[in-house]
$ cat work_19.json   # JSON, C-alpha atoms and all ligand atoms
[["chain", "number", "residue", "atom", "x", "y", "z"],
["A", 1099, "MET", "CA", -16.93, 14.84, -30.55],
["A", 1100, "LYS", "CA", -14.11, 12.62, -31.60],
["A", 1101, "ASN", "CA", -12.54, 15.47, -33.57],
["A", 1102, "THR", "CA", -12.92, 17.84, -30.65],
["A", 1103, "LEU", "CA", -11.22, 15.33, -28.41],
["A", 1104, "ARG", "CA", -8.45, 14.81, -30.91],
["A", 1105, "LEU", "CA", -7.90, 18.54, -31.25],
["A", 1106, "ALA", "CA", -7.79, 18.99, -27.50],
["A", 1107, "ALA", "CA", -5.49, 16.03, -27.27],
["A", 1108, "THR", "CA", -3.17, 17.44, -29.88],
["A", 1109, "LEU", "CA", -3.05, 20.79, -28.15],
["A", 1110, "LEU", "CA", -2.63, 19.48, -24.64],
["A", 1111, "LEU", "CA", -0.82, 16.23, -25.02],
["A", 1112, "GLY", "CA", 1.82, 16.89, -27.54],
["A", 1113, "GLY", "CA", 1.18, 15.42, -30.94],
["A", 1114, "VAL", "CA", 2.80, 17.49, -33.65],
["A", 1115, "SER", "CA", 0.19, 17.64, -36.36],
["A", 1116, "ALA", "CA", -1.94, 20.09, -38.29],
["A", 1117, "SER", "CA", -2.52, 21.76, -34.94],
["A", 1118, "THR", "CA", 1.17, 22.42, -34.36],
["A", 1119, "VAL", "CA", 0.81, 26.16, -34.78],
["A", 1120, "ALA", "CA", -2.09, 26.34, -32.35],
["A", 1121, "GLY", "CA", -0.23, 23.93, -30.07],
["A", 1122, "MET", "CA", 2.85, 26.13, -30.17],
["A", 1123, "THR", "CA", 0.94, 29.05, -28.69],
["A", 1124, "GLU", "CA", 0.03, 26.87, -25.75],
["A", 1125, "TRP", "CA", 3.43, 25.20, -25.47],
["A", 1126, "LEU", "CA", 5.25, 28.56, -25.44],
["A", 1127, "ALA", "CA", 2.84, 30.43, -23.15],
["A", 1128, "PRO", "CA", 5.06, 32.29, -20.68],
["A", 1129, "GLN", "CA", 5.35, 31.19, -17.08],
["A", 1130, "ASP", "CA", 7.59, 32.64, -14.38],
["A", 1131, "PRO", "CA", 9.65, 29.90, -12.71],
["A", 1132, "PHE", "CA", 8.80, 29.02, -9.11],
["A", 1133, "PRO", "CA", 9.83, 26.68, -6.29],
["A", 1134, "LEU", "CA", 7.92, 23.39, -6.12],
["A", 1135, "TYR", "CA", 9.42, 21.94, -2.96],
["A", 1136, "GLY", "CA", 12.83, 22.20, -1.30],
["A", 1137, "ASN", "CA", 15.53, 22.06, -3.96],
["A", 1138, "THR", "CA", 13.06, 21.45, -6.81],
["A", 1139, "TYR", "CA", 11.83, 24.21, -9.14],
["A", 1140, "TYR", "CA", 9.41, 24.50, -12.04],
["A", 1141, "VAL", "CA", 11.27, 25.95, -15.04],
["A", 1142, "GLY", "CA", 8.95, 25.00, -17.90],
["A", 1143, "THR", "CA", 6.52, 27.11, -19.89],
["A", 1144, "HIS", "CA", 2.88, 27.33, -18.87],
["A", 1145, "GLY", "CA", 2.00, 24.49, -21.24],
["A", 1146, "ILE", "CA", 5.02, 22.19, -21.11],
["A", 1147, "GLY", "CA", 6.66, 20.86, -17.96],
["A", 1148, "ALA", "CA", 10.35, 21.15, -17.10],
["A", 1149, "VAL", "CA", 11.85, 20.72, -13.64],
["A", 1150, "LEU", "CA", 15.18, 21.72, -12.12],
["A", 1151, "ILE", "CA", 16.56, 19.75, -9.17],
["A", 1152, "THR", "CA", 19.44, 21.63, -7.61],
["A", 1153, "SER", "CA", 22.45, 20.76, -5.46],
["A", 1154, "PRO", "CA", 25.86, 22.18, -4.61],
["A", 1155, "ALA", "CA", 27.35, 19.40, -6.76],
["A", 1156, "GLY", "CA", 25.38, 20.52, -9.84],
["A", 1157, "HIS", "CA", 21.82, 20.34, -11.09],
["A", 1158, "ILE", "CA", 19.51, 17.96, -12.94],
["A", 1159, "LEU", "CA", 17.02, 19.25, -15.51],
["A", 1160, "ILE", "CA", 14.05, 17.16, -16.64],
["A", 1161, "ASP", "CA", 12.87, 17.87, -20.21],
["A", 1162, "GLY", "CA", 13.65, 20.71, -22.58],
["A", 1163, "GLY", "CA", 10.32, 21.71, -24.14],
["A", 1164, "PRO", "CA", 9.99, 22.40, -27.85],
["A", 1165, "PRO", "CA", 13.00, 24.10, -29.53],
["A", 1166, "ALA", "CA", 11.55, 27.60, -29.14],
["A", 1167, "ALA", "CA", 11.20, 27.06, -25.37],
["A", 1168, "ALA", "CA", 14.88, 26.30, -24.75],
["A", 1169, "ASP", "CA", 15.75, 29.98, -24.24],
["A", 1170, "GLN", "CA", 12.84, 30.40, -21.82],
["A", 1171, "ILE", "CA", 13.92, 27.39, -19.79],
["A", 1172, "ALA", "CA", 17.54, 28.62, -19.65],
["A", 1173, "ALA", "CA", 16.32, 32.09, -18.61],
["A", 1174, "HIS", "CA", 14.15, 30.52, -15.89],
["A", 1175, "VAL", "CA", 17.16, 28.65, -14.47],
["A", 1176, "ARG", "CA", 19.14, 31.90, -14.37],
["A", 1177, "ALA", "CA", 16.22, 33.89, -12.91],
["A", 1178, "LEU", "CA", 16.16, 31.47, -9.98],
["A", 1179, "GLY", "CA", 19.85, 32.25, -9.35],
["A", 1180, "PHE", "CA", 21.33, 29.06, -10.82],
["A", 1181, "LYS", "CA", 23.80, 28.60, -13.66],
["A", 1182, "VAL", "CA", 22.83, 26.67, -16.78],
["A", 1183, "GLU", "CA", 26.47, 25.55, -16.94],
["A", 1184, "ASP", "CA", 25.95, 23.74, -13.60],
["A", 1185, "ILE", "CA", 23.31, 21.41, -15.11],
["A", 1186, "ARG", "CA", 25.10, 18.04, -15.25],
["A", 1187, "TYR", "CA", 22.22, 15.86, -16.47],
["A", 1188, "ILE", "CA", 19.21, 16.47, -18.66],
["A", 1189, "LEU", "CA", 16.61, 13.69, -18.28],
["A", 1190, "ASN", "CA", 13.94, 13.12, -20.92],
["A", 1191, "GLY", "CA", 10.30, 12.16, -20.36],
["A", 1192, "HIS", "CA", 9.51, 11.17, -23.93],
["A", 1193, "GLU", "CA", 10.94, 11.55, -27.38],
["A", 1194, "HIS", "CA", 8.42, 13.99, -28.88],
["A", 1195, "PHE", "CA", 9.16, 17.45, -30.29],
["A", 1196, "ASP", "CA", 7.29, 19.31, -27.53],
["A", 1197, "HIS", "CA", 9.36, 17.79, -24.68],
["A", 1198, "ALA", "CA", 12.66, 16.88, -26.36],
["A", 1199, "GLY", "CA", 13.00, 19.40, -29.21],
["A", 1200, "GLY", "CA", 14.74, 21.94, -26.97],
["A", 1201, "ILE", "CA", 17.18, 19.47, -25.42],
["A", 1202, "ALA", "CA", 19.86, 19.83, -28.15],
["A", 1203, "ALA", "CA", 20.16, 23.58, -27.45],
["A", 1204, "LEU", "CA", 20.08, 23.14, -23.66],
["A", 1205, "GLN", "CA", 22.70, 20.39, -23.90],
["A", 1206, "LYS", "CA", 24.98, 22.75, -25.87],
["A", 1207, "LEU", "CA", 24.51, 25.55, -23.35],
["A", 1208, "SER", "CA", 25.16, 23.31, -20.35],
["A", 1209, "GLY", "CA", 27.45, 20.55, -21.60],
["A", 1210, "ALA", "CA", 25.19, 18.13, -19.67],
["A", 1211, "ALA", "CA", 24.84, 14.41, -20.33],
["A", 1212, "VAL", "CA", 21.36, 13.60, -21.68],
["A", 1213, "LEU", "CA", 19.69, 10.49, -20.24],
["A", 1214, "GLY", "CA", 16.57, 8.59, -21.19],
["A", 1215, "SER", "CA", 15.29, 5.12, -21.99],
["A", 1216, "PRO", "CA", 17.00, 3.28, -24.89],
["A", 1217, "SER", "CA", 14.05, 4.01, -27.22],
["A", 1218, "ALA", "CA", 14.01, 7.70, -26.36],
["A", 1219, "ILE", "CA", 17.79, 8.03, -26.66],
["A", 1220, "ALA", "CA", 17.73, 6.43, -30.13],
["A", 1221, "VAL", "CA", 15.39, 9.23, -31.28],
["A", 1222, "LEU", "CA", 17.31, 12.00, -29.48],
["A", 1223, "LYS", "CA", 20.66, 10.87, -30.88],
["A", 1224, "SER", "CA", 19.49, 10.54, -34.47],
["A", 1225, "GLY", "CA", 16.80, 13.22, -34.42],
["A", 1226, "GLN", "CA", 14.56, 10.80, -36.32],
["A", 1227, "PRO", "CA", 11.13, 9.93, -34.91],
["A", 1228, "ASP", "CA", 10.45, 6.29, -33.97],
["A", 1229, "LYS", "CA", 8.52, 4.50, -36.73],
["A", 1230, "ARG", "CA", 6.73, 2.40, -34.07],
["A", 1231, "ASP", "CA", 5.21, 5.53, -32.52],
["A", 1232, "ALA", "CA", 1.42, 5.65, -33.03],
["A", 1233, "GLN", "CA", 1.79, 9.35, -33.83],
["A", 1234, "TYR", "CA", 4.65, 8.77, -36.30],
["A", 1235, "PRO", "CA", 2.88, 10.27, -39.38],
["A", 1236, "ASP", "CA", 2.50, 13.57, -37.49],
["A", 1237, "LEU", "CA", 5.95, 13.68, -35.91],
["A", 1238, "VAL", "CA", 8.76, 15.94, -37.07],
["A", 1239, "PRO", "CA", 12.53, 15.41, -36.70],
["A", 1240, "LEU", "CA", 14.40, 16.82, -33.71],
["A", 1241, "ALA", "CA", 17.80, 18.50, -33.65],
["A", 1242, "PRO", "CA", 20.15, 15.56, -32.91],
["A", 1243, "VAL", "CA", 21.39, 15.61, -29.31],
["A", 1244, "ALA", "CA", 25.05, 15.16, -28.30],
["A", 1245, "ASN", "CA", 26.38, 13.38, -25.19],
["A", 1246, "THR", "CA", 23.47, 10.96, -24.69],
["A", 1247, "ARG", "CA", 23.28, 7.80, -22.57],
["A", 1248, "ALA", "CA", 20.50, 5.25, -22.19],
["A", 1249, "VAL", "CA", 19.46, 4.28, -18.66],
["A", 1250, "ARG", "CA", 17.91, 1.02, -17.41],
["A", 1251, "ASP", "CA", 14.44, 0.78, -15.92],
["A", 1252, "GLY", "CA", 14.89, 1.43, -12.20],
["A", 1253, "GLU", "CA", 18.33, 2.98, -12.64],
["A", 1254, "VAL", "CA", 19.18, 5.67, -10.10],
["A", 1255, "VAL", "CA", 20.92, 8.72, -11.56],
["A", 1256, "LYS", "CA", 23.21, 10.10, -8.87],
["A", 1257, "LEU", "CA", 24.82, 13.52, -8.63],
["A", 1258, "GLY", "CA", 26.32, 14.57, -5.27],
["A", 1259, "PRO", "CA", 23.37, 14.35, -2.84],
["A", 1260, "LEU", "CA", 20.80, 13.90, -5.64],
["A", 1261, "ALA", "CA", 19.32, 10.54, -6.61],
["A", 1262, "VAL", "CA", 16.68, 10.39, -9.37],
["A", 1263, "THR", "CA", 15.11, 7.05, -10.31],
["A", 1264, "ALA", "CA", 13.97, 6.15, -13.84],
["A", 1265, "HIS", "CA", 10.60, 4.37, -14.17],
["A", 1266, "PHE", "CA", 9.89, 3.26, -17.71],
["A", 1267, "THR", "CA", 6.26, 4.15, -18.50],
["A", 1268, "PRO", "CA", 5.91, 3.29, -22.22],
["A", 1269, "GLY", "CA", 2.65, 3.50, -24.11],
["A", 1270, "HIS", "CA", 2.27, 7.12, -25.18],
["A", 1271, "THR", "CA", 5.62, 6.47, -26.88],
["A", 1272, "PRO", "CA", 7.86, 3.40, -26.74],
["A", 1273, "GLY", "CA", 10.46, 5.42, -24.80],
["A", 1274, "SER", "CA", 8.32, 7.21, -22.20],
["A", 1275, "THR", "CA", 9.98, 7.47, -18.78],
["A", 1276, "SER", "CA", 8.77, 8.96, -15.49],
["A", 1277, "TRP", "CA", 11.26, 10.09, -12.84],
["A", 1278, "THR", "CA", 11.14, 10.17, -9.02],
["A", 1279, "TRP", "CA", 13.33, 11.72, -6.32],
["A", 1280, "GLN", "CA", 13.01, 13.22, -2.86],
["A", 1281, "SER", "CA", 13.14, 16.84, -1.76],
["A", 1282, "THR", "CA", 13.24, 18.23, 1.75],
["A", 1283, "GLU", "CA", 11.91, 21.51, 3.08],
["A", 1284, "GLY", "CA", 11.61, 22.59, 6.72],
["A", 1285, "GLY", "CA", 12.63, 19.10, 7.84],
["A", 1286, "LYS", "CA", 9.90, 17.38, 5.81],
["A", 1287, "THR", "CA", 10.87, 15.08, 2.95],
["A", 1288, "MET", "CA", 8.50, 14.60, 0.02],
["A", 1289, "HIS", "CA", 8.34, 12.03, -2.76],
["A", 1290, "MET", "CA", 8.58, 13.99, -5.98],
["A", 1291, "VAL", "CA", 7.26, 12.59, -9.28],
["A", 1292, "TYR", "CA", 7.77, 13.82, -12.82],
["A", 1293, "ALA", "CA", 5.09, 11.85, -14.65],
["A", 1294, "ASP", "CA", 5.46, 11.41, -18.35],
["A", 1295, "SER", "CA", 2.46, 11.47, -20.71],
["A", 1296, "LEU", "CA", 0.30, 8.35, -20.33],
["A", 1297, "THR", "CA", -2.28, 9.15, -22.97],
["A", 1298, "ALA", "CA", -3.22, 6.69, -25.67],
["A", 1299, "MET", "CA", -3.00, 8.74, -28.85],
["A", 1300, "ALA", "CA", -2.61, 7.83, -32.50],
["A", 1301, "SER", "CA", -2.47, 9.66, -35.80],
["A", 1302, "ASP", "CA", -5.54, 9.37, -38.02],
["A", 1303, "SER", "CA", -3.88, 6.70, -40.16],
["A", 1304, "ARG", "CA", -2.72, 4.71, -37.14],
["A", 1305, "SER", "CA", -4.31, 2.65, -34.39],
["A", 1306, "PHE", "CA", -3.19, 2.59, -30.78],
["A", 1307, "SER", "CA", -4.56, -0.88, -30.07],
["A", 1308, "ARG", "CA", -3.63, -2.58, -33.38],
["A", 1309, "ASN", "CA", -0.21, -1.25, -34.29],
["A", 1310, "PRO", "CA", 1.84, -4.03, -35.90],
["A", 1311, "LEU", "CA", 5.02, -2.02, -35.31],
["A", 1312, "TYR", "CA", 4.23, -1.66, -31.60],
["A", 1313, "PRO", "CA", 1.84, -4.49, -30.70],
["A", 1314, "ASN", "CA", 2.40, -3.98, -26.95],
["A", 1315, "ALA", "CA", 1.28, -0.35, -26.93],
["A", 1316, "ARG", "CA", -2.00, -1.09, -25.16],
["A", 1317, "ALA", "CA", -0.51, -3.50, -22.64],
["A", 1318, "ASP", "CA", 2.40, -1.12, -22.03],
["A", 1319, "GLY", "CA", -0.02, 1.76, -21.55],
["A", 1320, "GLU", "CA", -2.09, -0.17, -19.02],
["A", 1321, "ARG", "CA", 0.96, -1.29, -17.09],
["A", 1322, "SER", "CA", 2.43, 2.23, -17.10],
["A", 1323, "ILE", "CA", -0.76, 3.69, -15.65],
["A", 1324, "ALA", "CA", -0.53, 1.10, -12.86],
["A", 1325, "THR", "CA", 3.15, 1.98, -12.35],
["A", 1326, "LEU", "CA", 2.29, 5.65, -11.91],
["A", 1327, "GLU", "CA", -0.61, 4.89, -9.58],
["A", 1328, "GLY", "CA", 1.66, 2.73, -7.44],
["A", 1329, "LEU", "CA", 4.39, 5.31, -6.90],
["A", 1330, "GLU", "CA", 4.91, 7.06, -3.59],
["A", 1331, "CYS", "CA", 3.74, 10.45, -4.75],
["A", 1332, "ASP", "CA", 3.51, 13.63, -2.70],
["A", 1333, "VAL", "CA", 4.33, 16.27, -5.31],
["A", 1334, "LEU", "CA", 3.42, 15.55, -8.93],
["A", 1335, "VAL", "CA", 4.55, 17.45, -12.01],
["A", 1336, "SER", "CA", 3.40, 16.03, -15.32],
["A", 1337, "ALA", "CA", 4.92, 16.51, -18.77],
["A", 1338, "HIS", "CA", 1.84, 18.60, -19.59],
["A", 1339, "PRO", "CA", 1.20, 20.35, -16.27],
["A", 1340, "ASP", "CA", -2.54, 20.85, -16.90],
["A", 1341, "PHE", "CA", -3.05, 17.11, -16.78],
["A", 1342, "GLY", "CA", -1.61, 16.80, -13.28],
["A", 1343, "ASP", "CA", -3.63, 19.72, -11.86],
["A", 1344, "LEU", "CA", -0.43, 21.68, -11.25],
["A", 1345, "TRP", "CA", -2.08, 25.06, -11.72],
["A", 1346, "GLU", "CA", -4.93, 24.21, -9.35],
["A", 1347, "ARG", "CA", -2.41, 23.19, -6.70],
["A", 1348, "LYS", "CA", -0.37, 26.36, -7.35],
["A", 1349, "ALA", "CA", -3.53, 28.40, -6.78],
["A", 1350, "ARG", "CA", -3.99, 26.56, -3.46],
["A", 1351, "ALA", "CA", -0.38, 27.49, -2.55],
["A", 1352, "THR", "CA", 0.60, 23.89, -1.89],
["A", 1353, "PHE", "CA", 1.90, 21.39, -4.38],
["A", 1354, "VAL", "CA", 1.51, 18.47, -1.99],
["A", 1355, "ASP", "CA", -1.34, 16.13, -2.91],
["A", 1356, "ARG", "CA", -0.86, 12.48, -2.04],
["A", 1357, "ASP", "CA", -3.63, 11.47, -4.44],
["A", 1358, "ALA", "CA", -2.21, 13.36, -7.42],
["A", 1359, "CYS", "CA", -0.64, 10.33, -9.13],
["A", 1360, "ARG", "CA", -3.77, 8.22, -8.66],
["A", 1361, "LYS", "CA", -5.91, 11.03, -10.14],
["A", 1362, "TYR", "CA", -3.46, 11.31, -13.04],
["A", 1363, "GLY", "CA", -3.81, 7.56, -13.60],
["A", 1364, "THR", "CA", -7.60, 7.80, -13.54],
["A", 1365, "VAL", "CA", -7.57, 10.46, -16.26],
["A", 1366, "ALA", "CA", -5.19, 8.34, -18.35],
["A", 1367, "ARG", "CA", -7.46, 5.29, -17.92],
["A", 1368, "GLU", "CA", -10.41, 7.34, -19.18],
["A", 1369, "TRP", "CA", -8.42, 8.42, -22.23],
["A", 1370, "LEU", "CA", -7.38, 4.85, -22.93],
["A", 1371, "ALA", "CA", -10.95, 3.57, -22.60],
["A", 1372, "LYS", "CA", -12.22, 6.26, -25.00],
["A", 1373, "ARG", "CA", -9.49, 5.56, -27.50],
["A", 1374, "LEU", "CA", -10.07, 1.79, -27.41],
["A", 1375, "ALA", "CA", -13.84, 2.28, -27.76],
["A", 1376, "ALA", "CA", -13.29, 4.53, -30.80],
["A", 1377, "GLU", "CA", -10.88, 2.01, -32.35],
["A", 1378, "ALA", "CA", -13.32, -0.87, -31.74],
["A", 1379, "GLN", "CA", -15.88, 0.76, -34.04],
["A", 1380, "PRO", "CA", -15.92, -0.67, -37.55],
["B", 1401, "ZN", "ZN", 3.96, 13.25, -26.70]]
$ encode --input "work_19.json" --output "structure tokens"
Amino acid sequence: MKNTLRLAATLLLGGVSASTVAGMTEWLAPQDPFPLYGNTYYVGTHGIGAVLITSPAGHILIDGGPPAAADQIAAHVRALGFKVEDIRYILNGHEHFDHAGGIAALQKLSGAAVLGSPSAIAVLKSGQPDKRDAQYPDLVPLAPVANTRAVRDGEVVKLGPLAVTAHFTPGHTPGSTSWTWQSTEGGKTMHMVYADSLTAMASDSRSFSRNPLYPNARADGERSIATLEGLECDVLVSAHPDFGDLWERKARATFVDRDACRKYGTVAREWLAKRLAAEAQP
């Protein structure tokens, strides 16, 4: 059971391990881009989230998928009628291969500034995984990213009419960040949330709850779940869209679900409880 969970976790939640090849199939599964709400569009693959927030003053892209998804994401932006060269900022959820590996290529194509938490930016700049990360033994280097800048927790990234707020949600990695903004359609304004991964995961040789390099991982994880649950949240997109029920909402033809962030938090709490129970066994 534990192995099944770990395999599922690796496939769905973005560890890069022995299951990378199987994970890749899922991460690169094709997905036509589509509008989420107002000026916000889904431009990721079927397995890995990426979001484009558009404005006449330029666009903001959140996450870049794994390296092999960068071309798909760029093609999705163009298919929606926007120019990759008009992306001014690329924001990162967390500093793992499956969400950040494609950012170097997308940064080159766009010339955008790449923003994330200080811990995430340290990994993106150097390309070297964070030794504190509970998945460190399974992580692979990233292509180093140019034109990076670290943001503060609560910082608002502004571009023309756009304003996107950083919420640090560490735990899954030390640098995890979720992002919120507002989008308007037909006179109705919605609170949009890009939720980063909240799952407590560790490589076989590592512990999530007793990691001397990252002793706050558990406390951070618990606080980050509470942060997510407390957000004003009308339209949720998560770093792995399956975990935020994106495809179920797409099938219902509405992405608005005011309980989506609380449900996402509940799932993360269950994962954390399972992980801690497994680690408590001698
Ligand atoms: Zn991850």
$ residues_near_ligand --input "work_19.json" --ligand "ligand ZN 1401 (chain B)" --cutoff "12 Å" --atoms "only C-alpha atoms and all ligand atoms" --output "ChimeraX atom specification"
/A:1107-1115,1121,1146-1147,1161,1163-1164,1190-1199,1218,1227-1228,1231-1234,1236-1238,1268-1275,1294-1301,1336-1338
$ closest_residue --input "work_19.json" --among "A:Leu1134, A:Leu1344, A:Leu1126, A:Ala1203" --to "Gly1162 of chain A" --atoms "all atoms listed in the file"
A:Ala1203
$ residues_around --input "work_19.json" --residues "segment 1320-1328 of chain A" --least-positions-apart "2" --cutoff "10 Å" --atoms "all atoms listed in the file" --output "PyMOL selection string"
chain A and resi 1265-1270+1274-1276+1291-1298+1314-1318+1330-1331+1357-1367+1370
$ residues_around --input "work_19.json" --residues "Glu1283 of chain A" --least-positions-apart "4" --cutoff "10 Å" --atoms "all atoms listed in the file" --output "list in words"
Tyr1135, Gly1136, Asn1137, Thr1138, Thr1287 and Met1288 of chain A
$ residues_near_point --input "work_19.json" --point "(1.5, 15.0, -1.9)" --cutoff "6 Å" --atoms "all atoms listed in the file" --output "MDAnalysis selection string"
chainID A and resid 1331:1333 1354:1356
$ write_last_selection --input "work_19.json" --atoms "C-alpha atoms" --output "PDB file, in the coordinates of the input"
ATOM      1  CA  CYS A1331       3.740  10.450  -4.750  1.00  0.00           C
ATOM      2  CA  ASP A1332       3.510  13.630  -2.700  1.00  0.00           C
ATOM      3  CA  VAL A1333       4.330  16.270  -5.310  1.00  0.00           C
ATOM      4  CA  VAL A1354       1.510  18.470  -1.990  1.00  0.00           C
ATOM      5  CA  ASP A1355      -1.340  16.130  -2.910  1.00  0.00           C
ATOM      6  CA  ARG A1356      -0.860  12.480  -2.040  1.00  0.00           C
TER       7      ARG A1356
END
